[in-house]
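Participant: For reference, this is my_file.txt, and it has compact mmCIF, C-alpha atoms and all ligand atoms.
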```txt
# COMPACT_ATOMS: atom_id res chain seq x y z
CA MET A 1227 66.65 -237.33 17.64
CA HIS A 1228 65.53 -240.71 18.89
CA ARG A 1229 68.04 -242.66 20.91
CA GLU A 1230 67.55 -246.27 21.88
CA VAL A 1231 66.62 -246.98 25.48
CA GLU A 1232 69.57 -248.45 27.35
CA ILE A 1233 67.99 -248.97 30.77
CA SER A 1234 64.38 -249.71 31.63
CA ILE A 1235 63.66 -248.96 35.27
CA ILE A 1236 60.71 -250.92 36.58
CA VAL A 1237 59.00 -249.44 39.62
CA PRO A 1238 56.05 -251.29 41.15
CA THR A 1239 53.85 -248.98 43.18
CA TYR A 1240 51.06 -249.32 45.66
CA ASN A 1241 50.08 -246.14 47.48
CA GLU A 1242 53.25 -244.19 46.78
CA ARG A 1243 51.78 -240.81 45.84
CA ASP A 1244 54.16 -238.88 48.07
CA ASN A 1245 57.25 -240.66 46.76
CA ILE A 1246 56.85 -241.14 43.03
CA ALA A 1247 57.62 -237.59 41.88
CA VAL A 1248 60.76 -237.28 43.97
CA LEU A 1249 61.90 -240.70 42.77
CA ILE A 1250 61.53 -239.84 39.10
CA GLU A 1251 63.26 -236.47 39.50
CA ARG A 1252 66.18 -238.14 41.22
CA ILE A 1253 66.37 -240.88 38.58
CA ASP A 1254 66.39 -238.29 35.82
CA LYS A 1255 69.13 -236.30 37.47
CA ALA A 1256 71.31 -239.32 38.26
CA LEU A 1257 71.07 -240.90 34.81
CA GLY A 1258 71.22 -237.56 32.99
CA GLN A 1259 74.58 -236.84 34.58
CA HIS A 1260 75.92 -240.05 33.06
CA ARG A 1261 74.16 -239.52 29.73
CA LEU A 1262 72.31 -242.77 30.10
CA ASN A 1263 69.17 -243.10 28.05
CA TYR A 1264 66.43 -244.60 30.19
CA GLU A 1265 62.72 -245.14 30.59
CA VAL A 1266 60.78 -245.59 33.81
CA ILE A 1267 57.94 -248.10 33.81
CA VAL A 1268 55.59 -247.56 36.73
CA VAL A 1269 53.36 -250.54 37.41
CA ASP A 1270 50.56 -249.44 39.68
CA ASP A 1271 47.84 -251.68 41.06
CA SER A 1272 45.13 -249.01 40.99
CA SER A 1273 46.45 -247.46 44.20
CA PRO A 1274 43.56 -245.86 46.07
CA ASP A 1275 45.76 -242.83 46.80
CA GLY A 1276 45.99 -241.92 43.11
CA THR A 1277 49.67 -242.75 42.51
CA ALA A 1278 48.91 -243.56 38.86
CA VAL A 1279 47.49 -240.11 38.10
CA ILE A 1280 50.59 -238.42 39.48
CA ALA A 1281 52.83 -240.79 37.51
CA LYS A 1282 50.91 -240.11 34.30
CA ASN A 1283 51.31 -236.38 34.79
CA LEU A 1284 55.05 -236.84 35.14
CA SER A 1285 55.19 -238.54 31.76
CA SER A 1286 54.81 -235.21 29.97
CA LYS A 1287 58.16 -234.15 31.38
CA TYR A 1288 60.06 -237.43 31.78
CA PRO A 1289 60.27 -240.72 29.84
CA VAL A 1290 57.71 -242.47 32.02
CA LYS A 1291 55.30 -245.21 31.00
CA VAL A 1292 52.49 -246.08 33.39
CA ILE A 1293 50.78 -249.44 33.52
CA VAL A 1294 47.67 -249.57 35.65
CA ARG A 1295 46.29 -252.93 36.71
CA GLU A 1296 42.96 -253.76 38.29
CA GLY A 1297 43.30 -254.81 41.92
CA LYS A 1298 46.36 -255.41 44.07
CA LYS A 1299 48.06 -258.34 42.36
CA GLY A 1300 51.38 -258.34 44.16
CA LEU A 1301 54.93 -257.09 43.77
CA SER A 1302 56.49 -259.87 41.67
CA SER A 1303 53.70 -259.98 39.14
CA ALA A 1304 53.90 -256.18 38.82
CA VAL A 1305 57.59 -256.47 38.00
CA LEU A 1306 56.91 -259.12 35.35
CA GLU A 1307 54.24 -256.90 33.82
CA GLY A 1308 56.86 -254.16 33.57
CA VAL A 1309 59.41 -256.51 32.01
CA LYS A 1310 56.97 -257.20 29.15
CA GLU A 1311 56.87 -253.52 28.27
CA ALA A 1312 60.57 -252.83 28.72
CA GLU A 1313 62.60 -251.79 25.67
CA GLY A 1314 66.01 -251.39 27.28
CA ARG A 1315 68.98 -253.72 26.95
CA PHE A 1316 69.21 -253.58 30.74
CA LEU A 1317 66.48 -253.70 33.34
CA VAL A 1318 66.50 -252.19 36.80
CA VAL A 1319 63.98 -253.18 39.44
CA MET A 1320 63.54 -250.86 42.40
CA ASP A 1321 61.03 -249.70 44.99
CA ALA A 1322 59.25 -246.38 44.74
CA ASP A 1323 59.69 -245.36 48.37
CA LEU A 1324 63.28 -244.05 48.06
CA GLN A 1325 64.70 -246.76 50.28
CA HIS A 1326 66.64 -247.64 47.13
CA PRO A 1327 68.78 -244.64 46.16
CA PRO A 1328 68.45 -244.01 42.39
CA GLU A 1329 71.90 -242.42 42.40
CA LEU A 1330 73.30 -245.96 42.55
CA ILE A 1331 71.88 -246.98 39.17
CA PRO A 1332 74.79 -245.65 37.04
CA ARG A 1333 77.19 -247.57 39.27
CA LEU A 1334 75.18 -250.79 38.88
CA TYR A 1335 75.26 -250.27 35.13
CA GLN A 1336 78.98 -249.60 35.15
CA ARG A 1337 79.62 -252.82 37.06
CA ALA A 1338 77.55 -254.80 34.56
CA VAL A 1339 79.45 -253.40 31.61
CA GLU A 1340 82.98 -253.31 33.04
CA ASP A 1341 82.95 -256.54 35.03
CA SER A 1342 80.64 -258.37 32.60
CA CYS A 1343 78.11 -259.37 35.21
CA GLU A 1344 74.69 -260.18 33.80
CA VAL A 1345 73.11 -259.49 37.18
CA VAL A 1346 74.20 -256.71 39.55
CA ILE A 1347 72.58 -256.60 42.96
CA ALA A 1348 72.43 -253.51 45.12
CA SER A 1349 73.48 -255.27 48.28
CA ARG A 1350 73.13 -254.51 51.97
CA TYR A 1351 75.38 -257.34 53.02
CA VAL A 1352 78.69 -256.63 51.31
CA PRO A 1353 81.30 -254.33 52.93
CA GLY A 1354 80.10 -250.76 52.71
CA GLY A 1355 76.45 -251.76 52.63
CA SER A 1356 73.98 -251.85 55.50
CA PRO A 1357 70.32 -252.59 56.17
CA GLY A 1358 70.06 -249.18 57.84
CA GLN A 1359 67.77 -248.34 60.72
CA TRP A 1360 65.88 -251.59 61.05
CA SER A 1361 64.34 -253.03 64.18
CA PHE A 1362 66.10 -256.05 65.65
CA THR A 1363 63.28 -258.37 64.57
CA ARG A 1364 63.25 -257.13 60.99
CA LYS A 1365 67.03 -257.56 60.79
CA LEU A 1366 66.74 -261.06 62.20
CA MET A 1367 63.98 -261.96 59.75
CA SER A 1368 65.95 -260.64 56.82
CA LYS A 1369 69.05 -262.58 57.87
CA GLY A 1370 67.07 -265.75 58.51
CA ALA A 1371 65.38 -265.53 55.13
CA THR A 1372 68.74 -264.90 53.47
CA TYR A 1373 70.35 -267.97 55.04
CA MET A 1374 67.38 -270.14 54.20
CA ALA A 1375 67.72 -269.25 50.53
CA ARG A 1376 71.51 -269.65 50.56
CA ILE A 1377 71.32 -273.10 52.13
CA LEU A 1378 68.50 -274.47 50.00
CA LEU A 1379 69.24 -272.93 46.61
CA PRO A 1380 72.58 -273.92 45.03
CA ARG A 1381 72.72 -270.98 42.63
CA VAL A 1382 72.16 -268.52 45.46
CA ARG A 1383 74.88 -269.95 47.69
CA HIS A 1384 77.46 -267.24 46.98
CA VAL A 1385 75.06 -264.32 46.85
CA LYS A 1386 75.17 -262.15 49.96
CA ASP A 1387 71.85 -260.34 49.50
CA PRO A 1388 69.43 -262.47 47.49
CA MET A 1389 66.53 -260.69 49.23
CA SER A 1390 67.33 -257.35 47.68
CA GLY A 1391 64.51 -255.60 45.90
CA PHE A 1392 66.99 -253.40 44.00
CA PHE A 1393 69.01 -254.87 41.12
CA LEU A 1394 70.02 -254.54 37.51
CA LEU A 1395 70.12 -257.29 34.91
CA ARG A 1396 70.61 -257.73 31.22
CA LYS A 1397 67.26 -258.27 29.62
CA ASP A 1398 68.37 -261.48 27.91
CA VAL A 1399 68.86 -263.10 31.33
CA LEU A 1400 65.11 -263.61 31.24
CA GLU A 1401 64.88 -264.87 27.67
CA GLY A 1402 62.80 -268.06 27.52
CA VAL A 1403 62.58 -268.17 31.33
CA LYS A 1404 59.24 -268.77 32.96
CA LEU A 1405 59.09 -266.78 36.18
CA ASN A 1406 56.55 -267.37 38.90
CA PRO A 1407 54.56 -264.17 39.44
CA ARG A 1408 53.66 -265.01 43.03
CA GLY A 1409 55.17 -263.38 46.06
CA PHE A 1410 57.56 -260.60 46.96
CA LYS A 1411 60.95 -261.95 45.93
CA ILE A 1412 61.45 -261.58 42.24
CA LEU A 1413 65.25 -261.57 42.52
CA LEU A 1414 65.20 -265.11 43.92
CA GLU A 1415 63.32 -266.26 40.82
CA VAL A 1416 65.82 -264.52 38.58
CA LEU A 1417 68.77 -266.08 40.42
CA ALA A 1418 67.23 -269.55 40.51
CA LYS A 1419 66.07 -269.68 36.89
CA GLY A 1420 67.80 -266.96 34.83
CA ASN A 1421 70.46 -267.35 32.11
CA TYR A 1422 73.54 -265.75 33.59
CA ARG A 1423 77.10 -266.59 34.48
CA LYS A 1424 78.21 -263.89 36.84
CA VAL A 1425 76.46 -262.04 39.65
CA CYS A 1426 78.06 -258.92 41.14
CA GLU A 1427 77.02 -257.05 44.26
CA GLU A 1428 77.38 -253.36 44.87
CA PRO A 1429 77.05 -252.03 48.42
CA TYR A 1430 74.38 -249.55 49.45
CA VAL A 1431 72.66 -248.42 52.60
CA PHE A 1432 68.98 -249.24 52.73
CA GLY A 1433 67.27 -245.89 53.33
CA GLU A 1434 64.47 -244.90 55.64
CA ARG A 1435 61.02 -245.12 54.10
CA LEU A 1436 60.17 -241.51 53.37
CA ARG A 1437 56.38 -241.69 53.33
CA GLY A 1438 53.65 -244.32 53.48
CA GLU A 1439 54.13 -247.79 54.92
CA SER A 1440 55.72 -251.17 54.15
CA LYS A 1441 53.59 -253.85 52.53
CA LEU A 1442 55.69 -256.71 53.87
CA GLY A 1443 53.45 -258.62 56.28
CA ALA A 1444 52.92 -262.11 57.68
CA LYS A 1445 51.37 -263.30 54.42
CA GLU A 1446 54.47 -262.28 52.46
CA ILE A 1447 56.68 -264.16 54.93
CA VAL A 1448 54.72 -267.41 54.70
CA ASP A 1449 54.61 -267.07 50.92
CA TYR A 1450 58.35 -266.59 50.94
CA ILE A 1451 59.03 -269.85 52.75
CA PHE A 1452 56.89 -271.77 50.26
CA HIS A 1453 58.59 -269.92 47.45
CA VAL A 1454 62.10 -270.96 48.49
CA VAL A 1455 61.03 -274.57 49.02
CA GLU A 1456 59.39 -274.59 45.60
CA LEU A 1457 62.62 -273.37 43.98
CA SER A 1458 64.83 -275.80 45.86
CA PRO A 1459 66.39 -278.96 44.37
CA ARG A 1460 64.40 -282.17 44.17
CA TRP A 1461 66.22 -283.92 46.98
CA VAL A 1462 65.13 -281.19 49.40
CA LYS A 1463 61.51 -281.73 48.41
CA PHE A 1464 62.01 -285.49 48.70
CA ALA A 1465 63.42 -285.01 52.20
CA ILE A 1466 60.50 -282.80 53.21
CA VAL A 1467 58.08 -285.43 51.94
CA GLY A 1468 60.02 -288.03 53.95
CA GLY A 1469 59.63 -285.87 57.06
CA VAL A 1470 55.89 -285.59 56.50
CA GLY A 1471 55.80 -289.37 55.97
CA THR A 1472 57.45 -289.97 59.33
CA ALA A 1473 54.85 -287.78 61.04
CA VAL A 1474 52.06 -289.65 59.24
CA ASN A 1475 53.59 -292.97 60.24
CA LEU A 1476 53.80 -292.02 63.93
CA SER A 1477 50.29 -290.54 63.98
CA ILE A 1478 48.79 -293.67 62.46
CA VAL A 1479 50.52 -295.88 65.02
CA ALA A 1480 49.35 -293.63 67.87
CA LEU A 1481 45.80 -293.65 66.54
CA LEU A 1482 45.62 -297.41 66.05
CA ARG A 1483 47.27 -298.27 69.32
CA TYR A 1484 45.68 -295.84 71.74
CA LEU A 1485 42.30 -295.16 70.18
CA LEU A 1486 41.51 -298.47 68.54
CA ASN A 1487 43.58 -300.86 70.67
CA VAL A 1488 45.16 -302.56 67.65
CA VAL A 1489 48.10 -304.87 68.46
CA HIS A 1490 51.57 -303.49 67.83
CA VAL A 1491 52.63 -305.69 64.87
CA ILE A 1492 49.53 -304.69 62.93
CA ALA A 1493 49.67 -301.00 63.91
CA ALA A 1494 53.33 -300.80 62.92
CA ALA A 1495 52.68 -302.45 59.57
CA ILE A 1496 49.77 -300.14 58.77
CA GLY A 1497 51.88 -297.14 59.83
CA VAL A 1498 54.62 -298.14 57.40
CA GLU A 1499 52.22 -298.77 54.54
CA VAL A 1500 50.23 -295.56 54.98
CA SER A 1501 53.42 -293.52 55.10
CA VAL A 1502 54.70 -295.19 51.92
CA LEU A 1503 51.39 -294.33 50.26
CA SER A 1504 51.48 -290.73 51.43
CA ASN A 1505 55.12 -290.37 50.39
CA PHE A 1506 54.28 -291.75 46.99
CA TYR A 1507 51.36 -289.43 46.55
CA LEU A 1508 53.25 -286.28 47.60
CA ASN A 1509 56.30 -287.13 45.51
CA ASP A 1510 54.10 -287.87 42.54
CA ILE A 1511 52.15 -284.61 42.67
CA TRP A 1512 55.04 -282.42 43.81
CA THR A 1513 58.68 -283.61 43.87
CA PHE A 1514 58.44 -285.37 40.50
CA LYS A 1515 55.29 -283.75 39.13
CA ASP A 1516 57.00 -282.96 35.83
CA SER A 1517 57.87 -286.58 35.08
CA ARG A 1518 54.82 -288.72 35.59
CA LYS A 1519 55.12 -291.16 32.75
CA GLY A 1520 52.96 -294.22 32.12
CA SER A 1521 50.71 -295.90 34.63
CA GLY A 1522 50.41 -294.50 38.15
CA LEU A 1523 49.81 -297.94 39.59
CA TYR A 1524 53.09 -299.18 38.12
CA ARG A 1525 54.91 -296.22 39.67
CA LEU A 1526 53.30 -296.99 43.01
CA VAL A 1527 54.52 -300.60 42.89
CA LYS A 1528 58.02 -299.45 41.95
CA PHE A 1529 57.97 -296.91 44.75
CA HIS A 1530 57.36 -299.73 47.22
CA VAL A 1531 60.45 -301.45 45.85
CA SER A 1532 62.53 -298.30 46.18
CA SER A 1533 61.30 -297.62 49.74
CA ALA A 1534 62.04 -301.22 50.73
CA ALA A 1535 65.49 -300.92 49.19
CA GLY A 1536 66.04 -297.76 51.24
CA ILE A 1537 65.24 -299.65 54.43
CA VAL A 1538 67.50 -302.56 53.48
CA VAL A 1539 70.38 -300.15 52.77
CA GLN A 1540 69.73 -298.44 56.09
CA TYR A 1541 69.79 -301.74 57.96
CA LEU A 1542 72.87 -303.10 56.24
CA THR A 1543 74.84 -299.86 56.60
CA SER A 1544 74.01 -299.55 60.25
CA ASN A 1545 75.11 -303.13 60.96
CA ALA A 1546 78.20 -302.96 58.78
CA LEU A 1547 79.40 -299.78 60.49
CA PHE A 1548 78.71 -301.10 63.95
CA TYR A 1549 80.11 -304.62 63.66
CA SER A 1550 83.14 -303.67 61.60
CA GLY A 1551 84.09 -301.35 64.44
CA ILE A 1552 84.19 -298.29 62.18
CA VAL A 1553 81.56 -296.66 64.36
CA HIS A 1554 81.48 -297.72 67.99
CA GLU A 1555 78.09 -296.39 68.89
CA SER A 1556 74.63 -297.68 67.94
CA VAL A 1557 72.67 -294.46 67.45
CA THR A 1558 75.41 -292.96 65.29
CA SER A 1559 75.55 -296.12 63.16
CA GLN A 1560 71.81 -296.07 62.79
CA PHE A 1561 71.82 -292.38 61.91
CA ILE A 1562 74.40 -292.83 59.15
CA GLY A 1563 72.31 -295.80 58.00
CA ILE A 1564 69.27 -293.55 57.75
CA LEU A 1565 71.21 -291.07 55.62
CA MET A 1566 72.44 -293.80 53.29
CA GLY A 1567 68.93 -295.27 53.08
CA PHE A 1568 67.61 -291.85 52.18
CA VAL A 1569 70.17 -291.47 49.40
CA ALA A 1570 69.37 -294.93 48.03
CA ASN A 1571 65.63 -294.33 48.13
CA TYR A 1572 66.05 -290.93 46.50
CA LEU A 1573 68.25 -292.16 43.67
CA LEU A 1574 65.99 -295.14 42.97
CA SER A 1575 62.91 -292.94 43.05
CA LYS A 1576 64.47 -290.53 40.63
CA ARG A 1577 65.99 -292.99 38.16
CA TYR A 1578 63.74 -296.01 38.44
CA VAL A 1579 60.31 -294.86 39.65
CA TRP A 1580 60.09 -291.49 37.88
CA ARG A 1581 62.69 -292.27 35.22
CA LEU A 1582 64.83 -289.16 35.27
CA SER A 1583 68.49 -289.27 34.34
N1 LIG B 1 52.11 -252.77 41.90
C1 LIG B 1 52.32 -253.21 43.15
N2 LIG B 1 51.51 -254.18 43.67
N3 LIG B 1 53.33 -252.68 43.88
C2 LIG B 1 53.53 -253.13 45.14
C3 LIG B 1 52.73 -254.14 45.72
C4 LIG B 1 51.65 -254.68 44.93
O1 LIG B 1 50.90 -255.55 45.35
N4 LIG B 1 53.18 -254.36 46.98
C5 LIG B 1 54.23 -253.53 47.17
N5 LIG B 1 54.43 -252.77 46.07
C6 LIG B 1 55.46 -251.75 45.83
C7 LIG B 1 55.56 -250.67 46.88
O2 LIG B 1 54.75 -249.57 46.56
C8 LIG B 1 57.04 -250.29 46.81
O3 LIG B 1 57.34 -249.43 45.74
C9 LIG B 1 57.70 -251.64 46.52
O4 LIG B 1 56.69 -252.44 45.90
C10 LIG B 1 58.25 -252.33 47.79
O5 LIG B 1 57.24 -252.40 48.77
P1 LIG B 1 57.55 -252.02 50.31
O6 LIG B 1 56.28 -252.21 51.04
O7 LIG B 1 58.25 -250.71 50.41
O8 LIG B 1 58.52 -253.21 50.69
P2 LIG B 1 59.64 -253.24 51.83
O9 LIG B 1 60.36 -251.95 51.95
O10 LIG B 1 59.04 -253.80 53.07
O11 LIG B 1 60.62 -254.35 51.20
C11 LIG B 1 61.47 -253.97 50.15
O12 LIG B 1 62.79 -254.06 50.51
C12 LIG B 1 63.22 -255.39 50.83
C13 LIG B 1 64.65 -255.34 51.21
O13 LIG B 1 65.44 -254.95 50.13
C14 LIG B 1 61.22 -254.85 48.93
O14 LIG B 1 61.99 -254.35 47.84
C15 LIG B 1 61.63 -256.27 49.17
O15 LIG B 1 61.56 -257.01 47.95
C16 LIG B 1 63.04 -256.28 49.66
O16 LIG B 1 63.39 -257.60 50.07
MN MN B 2 60.12 -250.19 51.12
```
What would the structure in this file look like if it were written as structure tokens?

Facilitator:
Amino acid sequence: MHREVEISIIVPTYNERDNIAVLIERIDKALGQHRLNYEVIVVDDSSPDGTAVIAKNLSSKYPVKVIVREGKKGLSSAVLEGVKEAEGRFLVVMDADLQHPPELIPRLYQRAVEDSCEVVIASRYVPGGSPGQWSFTRKLMSKGATYMARILLPRVRHVKDPMSGFFLLRKDVLEGVKLNPRGFKILLEVLAKGNYRKVCEEPYVFGERLRGESKLGAKEIVDYIFHVVELSPRWVKFAIVGGVGTAVNLSIVALLRYLLNVVHVIAAAIGVEVSVLSNFYLNDIWTFKDSRKGSGLYRLVKFHVSSAAGIVVQYLTSNALFYSGIVHESVTSQFIGILMGFVANYLLSKRYVWRLS
């Protein structure tokens, strides 16, 4: 009798020979007890330790598919490769090293069905969950990364553990969604881009790694920061570009004044102009890269108008606040002026320069 697959469990592996058999036995036991029809999709990047061979041998006894890729291509892209092959109505993503207890899968599934959540995260940061025996630095890094995502990404704001590598989702959450295969954090991509209404979190205790070692290194951390920034709303990117522009502006003035002895009025003017040019360039190739319509020169001229308008708004706001007596202090007035100028420049850039609604 052939039953349809209900849950496809995607397990990326790199050097997990000592873990993969135990994992699959435990999955089989846990899902068998709940009569859940499943498949495991192991995506191995040609692990030198021969993980793929062991996984293939297991497929005579268990419903296991093995995908072997050439070269170590990264965790997220491995997961996406698995998604392509998955037949189940639900997908589970989990690590091979038993830090994610497979016994939790039926519970994740139950939550999805009973509470109609399209995404269910196995979470370390809801009551009952815990990151386990982590070093202080790793805990701090995990928390820091979590807050960064929650502050910068609106759809992640209410999620307690967006860094989790263990979660279940309905397959149609990914329908028509283009996910970025870079990096370590596939759940962030799913949360930022997927089609879902409700996210649930189910507590669990992150286990000790049984064998082998973690692949999370400095490169993954730097990638992560770029990843979150890339997923963040346009105004965040615009603000980052503005910050870079300020640094450019100050550097140019320092260079002209102290290296080339240029007089202040000229140095200041060149500083302003170069920073407007660099802001334009970065916003054009990054912040608004998807809406470059018509002539670039025309956009550049309009961007000068919008930047000038930002400065006028800043100046007027600052003076209005100060002289009306609403704010009694100069730096505070100026600061609020800067914020208002930023908003004006951003809205004009968006609507008028890059013509988005
Ligand atoms: N195919 C493939 N290719 N698999 C990989 C690669 C790769 O380049 N890099 C890592 N893996 C596999 C590992 O073999 C393991 O099964 C899983 O991906 C997670 O890798 P670990 O090295 O164990 O990661 P970790 O324990 O430091 O971090 C995990 O837990 C974090 C906290 O929940 C990951 O799941 C993170 O995504 C998660 O944030
Ligand atoms: Mn791990």

Participant: Can you list, as a PDB file with C-alpha atoms, in the coordinates of the input, every protein, DNA or RNA residue that comes within 7 Å of segment 1433-1442 of chain A when you count only C-alpha atoms, leaving out same-chain residues fewer than 3 positions away?

Facilitator:
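result.pdb, freshly written:
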```pdb
ATOM      1  CA  GLU A1242      53.250-244.190  46.780  1.00  0.00           C
ATOM      2  CA  ASP A1244      54.160-238.880  48.070  1.00  0.00           C
ATOM      3  CA  ASN A1245      57.250-240.660  46.760  1.00  0.00           C
ATOM      4  CA  ASP A1323      59.690-245.360  48.370  1.00  0.00           C
ATOM      5  CA  LEU A1324      63.280-244.050  48.060  1.00  0.00           C
ATOM      6  CA  GLN A1325      64.700-246.760  50.280  1.00  0.00           C
ATOM      7  CA  HIS A1326      66.640-247.640  47.130  1.00  0.00           C
ATOM      8  CA  GLY A1358      70.060-249.180  57.840  1.00  0.00           C
ATOM      9  CA  GLN A1359      67.770-248.340  60.720  1.00  0.00           C
ATOM     10  CA  GLU A1446      54.470-262.280  52.460  1.00  0.00           C
TER      11      GLU A1446
END
```

Participant: Report, in Å to a single decimal, how far apart atom CA of Ala1534 of chain A and atom CA of Val1553 of chain A are.

Facilitator: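 Computed distance, atom CA of Val1553 of chain A to atom CA of Ala1534 of chain A, equals 24.2 Å.
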
Participant: I want to know what sits within 9 Å of Gly1420 of chain A, based on all atoms listed in the file, with residues of the same chain fewer than 6 positions away left out; could you give that as a PyMOL selection string?

Facilitator: chain A and resi 1398-1405

Participant: With C-alpha atoms retained, could you export that selection as a JSON list (two decimals), keeping the file's coordinate frame?

Facilitator:
```json
[["chain", "number", "residue", "atom", "x", "y", "z"],
["A", 1398, "ASP", "CA", 68.37, -261.48, 27.91],
["A", 1399, "VAL", "CA", 68.86, -263.10, 31.33],
["A", 1400, "LEU", "CA", 65.11, -263.61, 31.24],
["A", 1401, "GLU", "CA", 64.88, -264.87, 27.67],
["A", 1402, "GLY", "CA", 62.80, -268.06, 27.52],
["A", 1403, "VAL", "CA", 62.58, -268.17, 31.33],
["A", 1404, "LYS", "CA", 59.24, -268.77, 32.96],
["A", 1405, "LEU", "CA", 59.09, -266.78, 36.18]]
```

Participant: Contacts of Ala1495 of chain A at 12 Å or less, counting only C-alpha atoms, minus same-chain residues fewer than 3 places along, as a PyMOL selection string?

Facilitator: chain A and resi 1475-1476+1478-1479+1482-1483+1488-1492+1498-1502

Participant: Just C-alpha atoms for this one: save the residues we selected as a short mmCIF file (atom, residue, chain, number, x, y, z; two decimals), in the frame of the given file.

Facilitator:
```
data_model
loop_
_atom_site.label_atom_id
_atom_site.label_comp_id
_atom_site.auth_asym_id
_atom_site.auth_seq_id
_atom_site.Cartn_x
_atom_site.Cartn_y
_atom_site.Cartn_z
CA ASN A 1475 53.59 -292.97 60.24
CA LEU A 1476 53.80 -292.02 63.93
CA ILE A 1478 48.79 -293.67 62.46
CA VAL A 1479 50.52 -295.88 65.02
CA LEU A 1482 45.62 -297.41 66.05
CA ARG A 1483 47.27 -298.27 69.32
CA VAL A 1488 45.16 -302.56 67.65
CA VAL A 1489 48.10 -304.87 68.46
CA HIS A 1490 51.57 -303.49 67.83
CA VAL A 1491 52.63 -305.69 64.87
CA ILE A 1492 49.53 -304.69 62.93
CA VAL A 1498 54.62 -298.14 57.40
CA GLU A 1499 52.22 -298.77 54.54
CA VAL A 1500 50.23 -295.56 54.98
CA SER A 1501 53.42 -293.52 55.10
CA VAL A 1502 54.70 -295.19 51.92
#
```

Participant: Which chains and residue numbers are within 6 Å of ligand LIG 1 (chain B), counting only C-alpha atoms and all ligand atoms, if I want them as a PDB file with C-alpha atoms, in the coordinates of the input?

Facilitator:
```pdb
ATOM      1  CA  PRO A1238      56.050-251.290  41.150  1.00  0.00           C
ATOM      2  CA  THR A1239      53.850-248.980  43.180  1.00  0.00           C
ATOM      3  CA  TYR A1240      51.060-249.320  45.660  1.00  0.00           C
ATOM      4  CA  ASN A1241      50.080-246.140  47.480  1.00  0.00           C
ATOM      5  CA  GLU A1242      53.250-244.190  46.780  1.00  0.00           C
ATOM      6  CA  VAL A1269      53.360-250.540  37.410  1.00  0.00           C
ATOM      7  CA  ASP A1270      50.560-249.440  39.680  1.00  0.00           C
ATOM      8  CA  ASP A1271      47.840-251.680  41.060  1.00  0.00           C
ATOM      9  CA  LYS A1298      46.360-255.410  44.070  1.00  0.00           C
ATOM     10  CA  LYS A1299      48.060-258.340  42.360  1.00  0.00           C
ATOM     11  CA  GLY A1300      51.380-258.340  44.160  1.00  0.00           C
ATOM     12  CA  LEU A1301      54.930-257.090  43.770  1.00  0.00           C
ATOM     13  CA  ALA A1304      53.900-256.180  38.820  1.00  0.00           C
ATOM     14  CA  ASP A1321      61.030-249.700  44.990  1.00  0.00           C
ATOM     15  CA  ALA A1322      59.250-246.380  44.740  1.00  0.00           C
ATOM     16  CA  ASP A1323      59.690-245.360  48.370  1.00  0.00           C
ATOM     17  CA  MET A1389      66.530-260.690  49.230  1.00  0.00           C
ATOM     18  CA  SER A1390      67.330-257.350  47.680  1.00  0.00           C
ATOM     19  CA  GLY A1391      64.510-255.600  45.900  1.00  0.00           C
ATOM     20  CA  PHE A1410      57.560-260.600  46.960  1.00  0.00           C
ATOM     21  CA  LYS A1411      60.950-261.950  45.930  1.00  0.00           C
ATOM     22  CA  SER A1440      55.720-251.170  54.150  1.00  0.00           C
ATOM     23  CA  LYS A1441      53.590-253.850  52.530  1.00  0.00           C
ATOM     24  CA  LEU A1442      55.690-256.710  53.870  1.00  0.00           C
TER      25      LEU A1442
END
```

Participant: Using all atoms listed in the file, can you tell me which of A:Tyr1572, A:Ala1371, A:Val1237, A:Lys1419 comes closest to ligand MN 2 (chain B)?

Facilitator: A:Val1237
